[in-house]
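Next comes final-v6.txt, with compact mmCIF, C-alpha atoms and all ligand atoms.
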```
# COMPACT_ATOMS: atom_id res chain seq x y z
CA MET A 1 118.21 332.82 247.60
CA GLU A 2 119.13 329.20 247.13
CA GLU A 3 121.60 328.03 249.72
CA VAL A 4 124.94 327.01 248.20
CA LYS A 5 125.95 323.65 249.61
CA LYS A 6 129.52 322.73 250.31
CA THR A 7 130.95 319.83 248.33
CA LEU A 8 131.78 316.44 249.76
CA TYR A 9 133.81 313.72 248.07
CA SER A 10 134.59 310.17 249.06
CA ALA A 11 135.25 306.80 247.47
CA VAL A 12 135.53 303.14 248.33
CA GLN A 13 137.54 300.51 246.44
CA PRO A 14 135.61 297.59 244.95
CA THR A 15 138.30 295.20 246.17
CA ASN A 16 136.13 292.74 248.01
CA THR A 17 132.86 292.57 249.84
CA LEU A 18 132.67 295.48 252.26
CA THR A 19 133.33 294.98 255.95
CA ILE A 20 131.59 296.51 258.93
CA GLY A 21 134.71 298.74 259.15
CA ASN A 22 133.88 300.27 255.77
CA TYR A 23 130.28 300.61 256.87
CA ALA A 24 130.96 302.25 260.24
CA GLY A 25 133.97 304.29 259.11
CA ALA A 26 132.68 305.45 255.76
CA ILE A 27 129.33 304.50 254.19
CA ARG A 28 127.16 305.19 257.18
CA ASN A 29 128.49 308.73 257.27
CA PHE A 30 127.86 309.10 253.56
CA VAL A 31 124.18 308.68 254.31
CA ARG A 32 124.21 311.06 257.26
CA LEU A 33 125.87 313.81 255.25
CA GLN A 34 123.98 313.56 251.97
CA ASP A 35 121.42 316.29 252.73
CA GLU A 36 123.90 318.79 254.05
CA TYR A 37 126.43 318.59 251.20
CA ARG A 38 126.60 318.25 247.43
CA CYS A 39 127.98 314.71 247.45
CA PHE A 40 130.12 312.72 245.03
CA TYR A 41 130.68 309.08 245.93
CA ALA A 42 132.96 307.09 243.67
CA ILE A 43 133.82 303.46 243.24
CA ALA A 44 137.60 303.56 243.09
CA ASN A 45 138.36 300.76 240.63
CA MET A 46 141.54 302.50 239.43
CA HIS A 47 142.85 302.37 242.97
CA ALA A 48 141.74 298.75 243.28
CA ILE A 49 144.06 297.55 240.49
CA THR A 50 147.15 298.67 242.41
CA VAL A 51 146.79 295.21 243.93
CA ARG A 52 146.22 292.37 241.45
CA GLN A 53 142.49 291.70 240.94
CA ASN A 54 140.51 288.96 239.29
CA PRO A 55 138.78 290.73 236.35
CA ALA A 56 135.40 288.99 236.62
CA GLU A 57 135.33 289.62 240.34
CA LEU A 58 136.34 293.27 239.99
CA ARG A 59 133.43 293.80 237.58
CA GLN A 60 130.99 292.05 239.90
CA LYS A 61 132.23 293.88 243.02
CA THR A 62 131.83 297.22 241.23
CA LEU A 63 128.14 296.58 240.69
CA GLY A 64 127.87 295.06 244.17
CA LEU A 65 129.35 298.17 245.73
CA LEU A 66 126.82 300.41 244.01
CA ALA A 67 124.01 298.17 245.25
CA THR A 68 125.48 298.27 248.77
CA TYR A 69 125.81 302.06 248.74
CA ILE A 70 122.14 302.36 247.83
CA ALA A 71 120.99 299.61 250.20
CA CYS A 72 122.76 301.41 253.05
CA GLY A 73 120.74 304.52 252.27
CA VAL A 74 122.88 306.55 249.89
CA ASP A 75 120.25 308.15 247.65
CA PRO A 76 121.14 308.26 243.94
CA ASP A 77 118.73 311.17 243.46
CA LYS A 78 120.65 313.29 245.94
CA CYS A 79 124.23 312.16 245.30
CA THR A 80 126.41 311.51 242.28
CA LEU A 81 127.41 307.85 242.31
CA TYR A 82 129.88 306.76 239.67
CA VAL A 83 132.81 304.56 238.68
CA GLN A 84 136.19 306.27 238.78
CA SER A 85 137.39 304.80 235.45
CA HIS A 86 134.29 306.18 233.70
CA VAL A 87 135.68 309.69 234.16
CA PRO A 88 139.04 309.93 232.35
CA ALA A 89 139.88 313.24 234.06
CA HIS A 90 141.02 311.29 237.14
CA ALA A 91 143.93 309.71 235.30
CA GLU A 92 144.67 312.95 233.47
CA LEU A 93 144.89 315.12 236.56
CA ALA A 94 146.85 312.43 238.42
CA TRP A 95 149.53 312.66 235.73
CA VAL A 96 149.86 316.42 236.19
CA LEU A 97 149.89 316.13 239.98
CA ASN A 98 152.65 313.53 239.75
CA THR A 99 154.92 316.33 238.65
CA PHE A 100 154.14 318.20 241.87
CA THR A 101 154.76 315.25 244.17
CA TYR A 102 158.11 313.93 245.36
CA VAL A 103 159.14 310.30 245.32
CA GLY A 104 160.36 310.61 248.92
CA GLU A 105 156.91 311.69 250.08
CA MET A 106 155.32 308.65 248.53
CA GLU A 107 157.91 306.26 249.92
CA ARG A 108 157.09 307.44 253.41
CA MET A 109 153.35 306.67 253.20
CA THR A 110 152.27 304.11 255.79
CA GLN A 111 149.83 302.37 253.47
CA PHE A 112 152.48 302.06 250.76
CA LYS A 113 154.86 300.48 253.25
CA ASP A 114 152.16 298.11 254.56
CA LYS A 115 150.97 297.05 251.13
CA SER A 116 154.53 296.68 249.82
CA ALA A 117 155.22 294.27 252.64
CA ARG A 118 152.01 292.35 251.99
CA HIS A 119 152.48 292.22 248.20
CA ALA A 120 156.26 292.01 247.99
CA ASP A 121 156.05 290.35 244.58
CA ASN A 122 154.13 293.26 243.08
CA ILE A 123 155.36 296.63 244.34
CA ASN A 124 154.16 298.42 241.23
CA MET A 125 154.32 302.13 240.39
CA GLY A 126 150.55 302.40 240.86
CA LEU A 127 150.81 301.28 244.45
CA MET A 128 153.30 304.02 245.11
CA ASP A 129 151.27 306.57 243.17
CA TYR A 130 148.02 305.68 244.92
CA PRO A 131 147.89 308.89 247.02
CA VAL A 132 148.39 311.10 243.95
CA LEU A 133 145.42 309.49 242.20
CA MET A 134 143.44 310.01 245.37
CA ALA A 135 144.47 313.67 245.43
CA ALA A 136 143.30 313.97 241.82
CA ASP A 137 139.92 312.44 242.76
CA ILE A 138 139.35 314.92 245.52
CA LEU A 139 140.72 318.05 243.85
CA LEU A 140 138.78 317.56 240.60
CA TYR A 141 135.52 318.13 242.46
CA ASN A 142 136.61 321.12 244.56
CA ALA A 143 135.69 319.09 247.61
CA ASP A 144 135.49 320.97 250.89
CA VAL A 145 135.22 317.83 253.00
CA VAL A 146 136.23 314.20 252.64
CA PRO A 147 134.68 311.72 255.08
CA VAL A 148 136.99 308.72 255.53
CA GLY A 149 138.25 306.39 258.23
CA ILE A 150 141.32 307.36 260.24
CA ASP A 151 143.56 305.12 258.12
CA GLN A 152 143.19 307.64 255.27
CA ARG A 153 144.37 310.67 257.24
CA GLN A 154 147.88 310.62 255.80
CA HIS A 155 146.47 310.55 252.26
CA LEU A 156 144.31 313.56 253.05
CA GLU A 157 147.31 315.43 254.36
CA ILE A 158 149.29 314.81 251.19
CA THR A 159 146.29 315.90 249.11
CA ARG A 160 146.27 319.17 251.00
CA ASP A 161 150.03 319.57 250.54
CA ILE A 162 149.79 318.99 246.79
CA ALA A 163 146.87 321.44 246.46
CA ILE A 164 148.67 324.13 248.43
CA ARG A 165 151.87 323.57 246.47
CA PHE A 166 150.07 323.97 243.14
CA ASN A 167 148.10 327.01 244.33
CA ASN A 168 151.31 328.68 245.48
CA ILE A 169 153.15 328.08 242.22
CA TYR A 170 150.27 329.29 240.02
CA SER A 171 147.28 331.00 241.61
CA PRO A 172 144.44 329.66 243.77
CA THR A 173 143.13 326.74 241.71
CA PHE A 174 142.25 323.93 244.06
CA VAL A 175 140.05 323.97 247.13
CA VAL A 176 142.14 322.66 250.03
CA PRO A 177 139.98 319.86 251.49
CA GLU A 178 139.39 318.89 255.11
CA GLY A 179 139.20 315.29 256.27
CA LEU A 180 136.06 314.41 258.21
CA TYR A 181 136.45 311.64 260.77
CA THR A 182 133.68 310.39 263.00
CA LYS A 183 134.38 309.69 266.63
CA VAL A 184 132.62 306.36 266.81
CA GLY A 185 133.48 303.76 264.19
CA ALA A 186 136.35 305.68 262.58
CA LYS A 187 138.55 302.68 263.26
CA ILE A 188 137.14 299.22 263.68
CA ASN A 189 139.84 296.66 264.34
CA ASP A 190 140.32 293.04 263.37
CA LEU A 191 138.53 290.61 265.71
CA GLN A 192 141.48 288.20 265.74
CA ASP A 193 144.21 290.84 265.95
CA PRO A 194 142.83 294.04 267.49
CA SER A 195 146.09 295.87 266.83
CA LYS A 196 145.24 295.91 263.10
CA LYS A 197 142.36 297.64 261.33
CA MET A 198 139.63 295.38 260.04
CA SER A 199 140.29 295.11 256.33
CA LYS A 200 138.49 293.74 253.29
CA SER A 201 141.60 291.93 252.21
CA ALA A 202 142.80 290.46 255.50
CA GLU A 203 144.30 286.98 255.39
CA ASN A 204 142.20 285.55 258.21
CA PRO A 205 138.47 285.95 257.43
CA ASN A 206 137.57 285.16 261.04
CA GLY A 207 138.79 288.59 262.09
CA THR A 208 136.56 290.39 259.61
CA ILE A 209 132.79 290.76 259.48
CA PHE A 210 131.69 291.12 255.87
CA MET A 211 128.51 292.94 255.01
CA ASP A 212 127.12 289.74 253.45
CA ASP A 213 127.95 287.39 256.33
CA THR A 214 124.94 285.43 257.61
CA LYS A 215 123.73 285.92 261.15
CA ASP A 216 125.22 282.56 262.19
CA THR A 217 128.61 283.47 260.75
CA ILE A 218 128.53 286.88 262.42
CA ILE A 219 127.73 285.40 265.83
CA ARG A 220 130.37 282.70 265.41
CA LYS A 221 133.05 285.26 264.51
CA PHE A 222 132.17 287.45 267.49
CA LYS A 223 132.18 284.44 269.83
CA ARG A 224 135.73 283.70 268.72
CA ALA A 225 136.89 287.32 268.95
CA VAL A 226 140.11 287.76 270.90
CA THR A 227 139.63 289.43 274.30
CA ASP A 228 141.74 289.14 277.46
CA SER A 229 142.04 287.08 280.60
CA ASP A 230 139.96 289.15 283.01
CA SER A 231 136.24 289.45 282.53
CA GLU A 232 135.38 293.10 282.85
CA VAL A 233 133.63 294.84 279.95
CA ARG A 234 135.51 298.12 280.13
CA TYR A 235 136.93 300.48 277.49
CA ASP A 236 140.71 300.60 277.76
CA GLU A 237 142.40 300.60 274.35
CA GLU A 238 145.86 300.02 275.73
CA ASN A 239 145.26 297.16 278.13
CA LYS A 240 142.05 295.72 276.70
CA PRO A 241 142.23 296.28 272.91
CA GLY A 242 139.91 293.39 272.02
CA VAL A 243 137.14 294.36 274.43
CA SER A 244 137.51 298.03 273.54
CA ASN A 245 137.10 297.21 269.86
CA LEU A 246 133.95 295.19 270.62
CA LEU A 247 132.61 298.11 272.66
CA SER A 248 133.26 300.48 269.75
CA ILE A 249 131.43 298.15 267.39
CA TYR A 250 128.51 297.78 269.81
CA SER A 251 128.29 301.52 270.29
CA SER A 252 128.53 302.17 266.60
CA PHE A 253 125.79 299.65 265.74
CA THR A 254 123.34 300.48 268.55
CA GLY A 255 123.87 304.22 268.93
CA LYS A 256 124.53 303.71 272.64
CA THR A 257 127.50 305.52 274.16
CA ILE A 258 130.50 303.58 275.46
CA PRO A 259 129.62 304.31 279.15
CA GLU A 260 126.05 303.14 278.49
CA ALA A 261 127.37 299.95 276.96
CA GLU A 262 129.81 299.39 279.85
CA ALA A 263 126.96 299.83 282.33
CA GLU A 264 124.75 297.40 280.41
CA PHE A 265 127.34 294.62 280.67
CA ALA A 266 128.60 295.34 284.19
CA GLY A 267 128.80 292.06 286.07
CA LYS A 268 128.10 289.99 282.95
CA GLY A 269 130.66 287.73 281.30
CA TYR A 270 132.29 288.11 277.91
CA GLY A 271 130.02 285.39 276.49
CA ASP A 272 126.84 287.47 276.92
CA PHE A 273 128.62 290.57 275.74
CA LYS A 274 129.94 288.99 272.54
CA LEU A 275 126.55 287.55 271.72
CA ALA A 276 124.91 290.96 272.16
CA VAL A 277 127.48 292.60 269.87
CA GLY A 278 126.91 289.92 267.23
CA GLU A 279 123.14 290.34 267.40
CA ALA A 280 123.34 294.12 267.20
CA VAL A 281 125.49 293.89 264.06
CA ALA A 282 123.34 291.17 262.45
CA ASP A 283 120.18 293.21 263.07
CA VAL A 284 121.60 296.21 261.24
CA LEU A 285 122.99 294.15 258.36
CA GLU A 286 119.96 291.98 257.66
CA PRO A 287 117.80 294.60 255.88
CA VAL A 288 120.84 295.94 254.03
CA GLN A 289 121.61 292.45 252.71
CA LYS A 290 118.04 291.95 251.51
CA GLU A 291 117.98 295.28 249.72
CA THR A 292 121.40 294.69 248.13
CA ALA A 293 120.20 291.38 246.69
CA ARG A 294 117.02 293.00 245.37
CA LEU A 295 118.96 295.82 243.69
CA LEU A 296 121.45 293.42 242.13
CA SER A 297 118.62 291.71 240.30
CA ASP A 298 117.95 294.97 238.41
CA ARG A 299 121.09 295.54 236.39
CA LYS A 300 119.47 298.16 234.15
CA TYR A 301 118.56 300.36 237.11
CA LEU A 302 122.15 300.21 238.39
CA ASP A 303 123.69 300.84 234.96
CA ASP A 304 121.46 303.89 234.49
CA ILE A 305 122.75 305.31 237.76
CA PHE A 306 126.32 304.71 236.63
CA ARG A 307 125.70 306.39 233.26
CA LYS A 308 124.07 309.44 234.77
CA GLY A 309 126.70 309.58 237.54
CA ALA A 310 129.61 309.55 235.09
CA GLU A 311 128.02 312.31 233.07
CA ASP A 312 127.45 314.56 236.08
CA ALA A 313 130.89 313.84 237.52
CA ALA A 314 132.69 314.43 234.22
CA HIS A 315 130.97 317.79 233.84
CA VAL A 316 132.52 319.05 237.08
CA ALA A 317 135.84 317.24 236.70
CA ASN A 318 136.50 318.48 233.16
CA LYS A 319 136.09 322.09 234.22
CA THR A 320 138.79 321.69 236.84
CA LEU A 321 141.05 319.83 234.45
CA ASP A 322 140.66 322.57 231.82
CA LYS A 323 141.62 325.17 234.36
CA VAL A 324 144.72 323.20 235.36
CA TYR A 325 145.78 322.63 231.75
CA ARG A 326 145.43 326.33 231.07
CA LYS A 327 147.50 327.31 234.08
CA ILE A 328 150.36 324.94 233.43
CA GLY A 329 150.61 326.02 229.79
CA PHE A 330 149.16 323.14 227.78
CA TYR A 331 148.45 324.47 224.31
CA ARG A 332 144.82 324.81 223.21
CA CYS A 333 143.80 325.33 219.62
CA GLY A 334 141.96 328.56 218.86
CA ASN A 335 138.28 328.55 217.86
P1 LIG B 1 141.55 297.04 251.50
O1 LIG B 1 141.58 296.05 252.61
O2 LIG B 1 141.18 296.45 250.17
O3 LIG B 1 142.73 297.94 251.43
P2 LIG B 1 139.76 298.67 253.06
O4 LIG B 1 138.95 297.69 253.83
O5 LIG B 1 140.79 299.42 253.75
O6 LIG B 1 140.33 297.98 251.76
P3 LIG B 1 138.88 300.89 251.44
O7 LIG B 1 138.10 300.73 250.19
O8 LIG B 1 140.32 301.16 251.30
O9 LIG B 1 138.72 299.62 252.37
O10 LIG B 1 138.21 301.98 252.36
C1 LIG B 1 136.92 302.51 252.22
C2 LIG B 1 136.59 303.39 253.38
O11 LIG B 1 136.40 302.61 254.55
C3 LIG B 1 137.67 304.42 253.74
O12 LIG B 1 137.05 305.63 254.13
C4 LIG B 1 138.34 303.82 254.93
O13 LIG B 1 138.92 304.79 255.77
C5 LIG B 1 137.18 303.13 255.62
N1 LIG B 1 137.65 302.00 256.42
C6 LIG B 1 138.27 300.90 255.96
N2 LIG B 1 138.53 300.06 256.97
C7 LIG B 1 138.06 300.64 258.09
C8 LIG B 1 138.02 300.24 259.46
N3 LIG B 1 138.52 299.08 259.85
N4 LIG B 1 137.45 301.08 260.35
C9 LIG B 1 136.92 302.24 259.95
N5 LIG B 1 136.93 302.67 258.67
C10 LIG B 1 137.49 301.89 257.75
N1 LIG B 2 141.96 305.34 249.33
C1 LIG B 2 140.61 305.36 249.81
C2 LIG B 2 139.60 305.22 248.72
C3 LIG B 2 139.59 306.47 247.94
C4 LIG B 2 139.16 307.75 248.39
C5 LIG B 2 139.36 308.62 247.31
C6 LIG B 2 138.61 308.20 249.60
C7 LIG B 2 140.03 306.62 246.66
N2 LIG B 2 139.87 307.90 246.29
C8 LIG B 2 139.03 309.97 247.41
C9 LIG B 2 138.30 309.56 249.67
C10 LIG B 2 138.51 310.42 248.62
C11 LIG B 2 140.42 304.29 250.82
O1 LIG B 2 139.55 304.39 251.53
N3 LIG B 2 141.25 303.31 250.86
```
For the file at hand, write its structure as structure tokens.
Amino acid sequence: MEEVKKTLYSAVQPTNTLTIGNYAGAIRNFVRLQDEYRCFYAIANMHAITVRQNPAELRQKTLGLLATYIACGVDPDKCTLYVQSHVPAHAELAWVLNTFTYVGEMERMTQFKDKSARHADNINMGLMDYPVLMAADILLYNADVVPVGIDQRQHLEITRDIAIRFNNIYSPTFVVPEGLYTKVGAKINDLQDPSKKMSKSAENPNGTIFMDDTKDTIIRKFKRAVTDSDSEVRYDEENKPGVSNLLSIYSSFTGKTIPEAEAEFAGKGYGDFKLAVGEAVADVLEPVQKETARLLSDRKYLDDIFRKGAEDAAHVANKTLDKVYRKIGFYRCGN
């Protein structure tokens, strides 16, 4: 008998070039999990426009993100890779789920509060509704698991709440998904301000390593990374957040454990340590960068993946949407 695989869903916004946080917290796990699960990986351009985007750049980053997914090892023959806006069911289900979500719940979301503060001139309805669209993404595909970085935990919780709420009012309709968080790399912090997560859209680019940074840039950014005034390479998030973050990055990019890394740099200064972290990251990124560039020169290949992906995704999504419409009482014409 053919083994029935569980379903996995995740997405990344095409808001900028990816960072090593996106890589370590999300994409790398996408690759690791693609044999075990039936995987759907989306490019969340509808989420991206909750913050103002430059249209030409948004288009280019969408294609760039597909190339990056594939260059990192996500296999388009095993996974469904598609653009969120190519499957209208996302917007349609989000509308229905809006009526099962309370304004107060959305106002309390940490990301909403953060982004409202950062974009005070544009606190639009979409920004507030972001978690509901994300719930629609996940629930359309009956996802059992959702691999994301720790920053998305609250959004996963609200997705579960909405699913349970709907199932209780009607009858079991949605699969209630589980978040999947890796231990290493689930939260990479900013190199200049290790109290903040490394983000694609941070103001200070020196705190962020982008996937397309050159080796020289990577090493320079690590050399300037904020540490502390003693000189011991030791993991201690509270008292040594900068060094701890560098240790996490090193561990995540070399596969060595934190104690192994601490032992390796015992008695050495921060200079040697930072250089080693930079080199480890650059070594992993170099082949990915080459492959991304090669893929981007073949637009037809990438478009074909998008077309096929949207078709496969819509097939699953529309079934769920039909079921929801039926349950809530939307009229359907007879045959
Ligand atoms: P933005 O800065 O535009 O809000 P972002 O860098 O947070 O974007 P997303 O597209 O929102 O990136 O996230 C894609 C995935 O990467 C999510 O699973 C998220 O949890 C993960 N991720 C983002 N930043 C980090 C980080 N610093 N450490 C670990 N995982 C991260
Ligand atoms: N909000 C997510 C991106 C995202 C997502 C999803 C992740 C949009 N839809 C569905 C998992 C499942 C983020 O990482 N910022």
Q. Which residues sit within 8 Å of ligand LIG 2 (chain B), counting only C-alpha atoms and all ligand atoms, listed as a ChimeraX atom specification?
A. /A:9-13,42-44,47,130-131,133-135,137-138,146-149,151-152,155-156
Q: Enumerate residues in contact with ligand LIG 1 (chain B): an atom-to-atom distance of at most 8 Å, counting all atoms listed in the file. Format the result as a PyMOL selection string.
A: chain A and resi 10-16+18-27+44+48+147-152+185-190+197-202
Q) Can you tell me, as a PyMOL selection string, what residues are no more than 7 Å from Ala89 (chain A) when counting only C-alpha atoms, ignoring any on the same chain fewer than 4 positions away? A) chain A and resi 93+317-318+321
Q) Any idea what's packed within 7 Å of region 223-232 of chain A, counting all atoms listed in the file, ignoring anything in its chain fewer than 3 positions away? Could you give it as a VMD selection string? A) chain A and resid 191 to 192 219 to 220 240 242 to 243 269 to 270 274 to 275
Generate a file of the selected residues that holds C-alpha atoms, formatted as a PDB file, in the coordinates of the input.
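File out-v5.pdb, as written:
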```pdb
ATOM      1  CA  LEU A 191     138.530 290.610 265.710  1.00  0.00           C
ATOM      2  CA  GLN A 192     141.480 288.200 265.740  1.00  0.00           C
ATOM      3  CA  ILE A 219     127.730 285.400 265.830  1.00  0.00           C
ATOM      4  CA  ARG A 220     130.370 282.700 265.410  1.00  0.00           C
ATOM      5  CA  LYS A 240     142.050 295.720 276.700  1.00  0.00           C
ATOM      6  CA  GLY A 242     139.910 293.390 272.020  1.00  0.00           C
ATOM      7  CA  VAL A 243     137.140 294.360 274.430  1.00  0.00           C
ATOM      8  CA  GLY A 269     130.660 287.730 281.300  1.00  0.00           C
ATOM      9  CA  TYR A 270     132.290 288.110 277.910  1.00  0.00           C
ATOM     10  CA  LYS A 274     129.940 288.990 272.540  1.00  0.00           C
ATOM     11  CA  LEU A 275     126.550 287.550 271.720  1.00  0.00           C
TER      12      LEU A 275
END
```
Q | Who sits within 7 Å of Cys39 (chain A), only C-alpha atoms, same chain under 4 positions skipped, as a ChimeraX atom specification | A | /A:7-9,34,79-80
Q.
as number ranges by chain, please: the residues near Phe273 (chain A) (cut-off 12 Å, all atoms listed in the file, same-chain neighbours under 4 positions excluded).
A. A: 219, 222-223, 225, 227, 231-234, 243-244, 246-247, 249-250, 261-269, 277-280
Q.
Please determine, counting all atoms listed in the file, which residue among A:Arg332, A:Lys290, A:Arg299, A:Arg52 has the shortest atom-to-atom distance to Thr214 (chain A).
A.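 Result for the nearest residue to Thr214 (chain A): A:Lys290.
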(Q) Restricting the calculation to all atoms listed in the file: of A:Ile158, A:Ile70, A:Leu33, A:Ala163, which residue gets closest to Val324 (chain A)? (A) A:Ala163
Q: Rank nothing, just name the residue among A:Val145, A:Cys333, A:Ile162, A:Ile49 nearest to Leu180 (chain A), using only C-alpha atoms.
A: A:Val145
Could you give me, as a PDB file with C-alpha atoms, in the coordinates of the input, the residues within 12 Å of Asn167 (chain A), counting only C-alpha atoms and dropping anything in the same chain fewer than 5 positions from it?
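Just written: around_3.pdb:
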```
ATOM      1  CA  LEU A  97     149.890 316.130 239.980  1.00  0.00           C
ATOM      2  CA  PHE A 100     154.140 318.200 241.870  1.00  0.00           C
ATOM      3  CA  LEU A 139     140.720 318.050 243.850  1.00  0.00           C
ATOM      4  CA  ARG A 160     146.270 319.170 251.000  1.00  0.00           C
ATOM      5  CA  ASP A 161     150.030 319.570 250.540  1.00  0.00           C
ATOM      6  CA  ILE A 162     149.790 318.990 246.790  1.00  0.00           C
ATOM      7  CA  PRO A 172     144.440 329.660 243.770  1.00  0.00           C
ATOM      8  CA  THR A 173     143.130 326.740 241.710  1.00  0.00           C
ATOM      9  CA  PHE A 174     142.250 323.930 244.060  1.00  0.00           C
ATOM     10  CA  VAL A 175     140.050 323.970 247.130  1.00  0.00           C
ATOM     11  CA  VAL A 176     142.140 322.660 250.030  1.00  0.00           C
ATOM     12  CA  VAL A 324     144.720 323.200 235.360  1.00  0.00           C
ATOM     13  CA  LYS A 327     147.500 327.310 234.080  1.00  0.00           C
ATOM     14  CA  ILE A 328     150.360 324.940 233.430  1.00  0.00           C
TER      15      ILE A 328
END
```
Q. Of the candidates A:Val316, A:Ala117, A:Leu302, A:Leu65, which one gets nearest to Arg38 (chain A) if we count only C-alpha atoms?
A.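 When distances to Arg38 (chain A) are compared using only C-alpha atoms, the smallest one comes from A:Val316.
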Q. Hey, can you check how far CA of Phe40 (chain A) sits from CA of Gly255 (chain A)?
A.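 Rounded to one decimal, the two atoms are 26.1 Å apart.
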Q | Best match for closeness to Glu203 (chain A) among A:His90, A:Arg28, A:Lys215, A:Arg118, counting all atoms listed in the file | A | A:Arg118
Q) Using all atoms listed in the file, which residue out of A:Tyr331, A:Tyr37, A:Tyr325, A:Tyr69 lies closest to Glu92 (chain A)? A)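 Among the listed residues, A:Tyr325 lies closest to Glu92 (chain A).
Relative to CA of Gly207 (chain A), CA of Glu107 (chain A) is found at 28.7 Å.
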Q.
Would you compute the distance between CA of Lys308 (chain A) and CA of Leu296 (chain A)? Give it in Å to one decimal.
A. 17.8 Å
Build an axis-aligned box that encloses every atom of region 181-190 of chain A listed in the file, pad it by 3 Å on each side, and report its centre and edge lengths in Å to one decimal, as JSON.
```
{"center_x": 136.5, "center_y": 302.3, "center_z": 263.8, "size_x": 13.7, "size_y": 24.6, "size_z": 12.0}
```
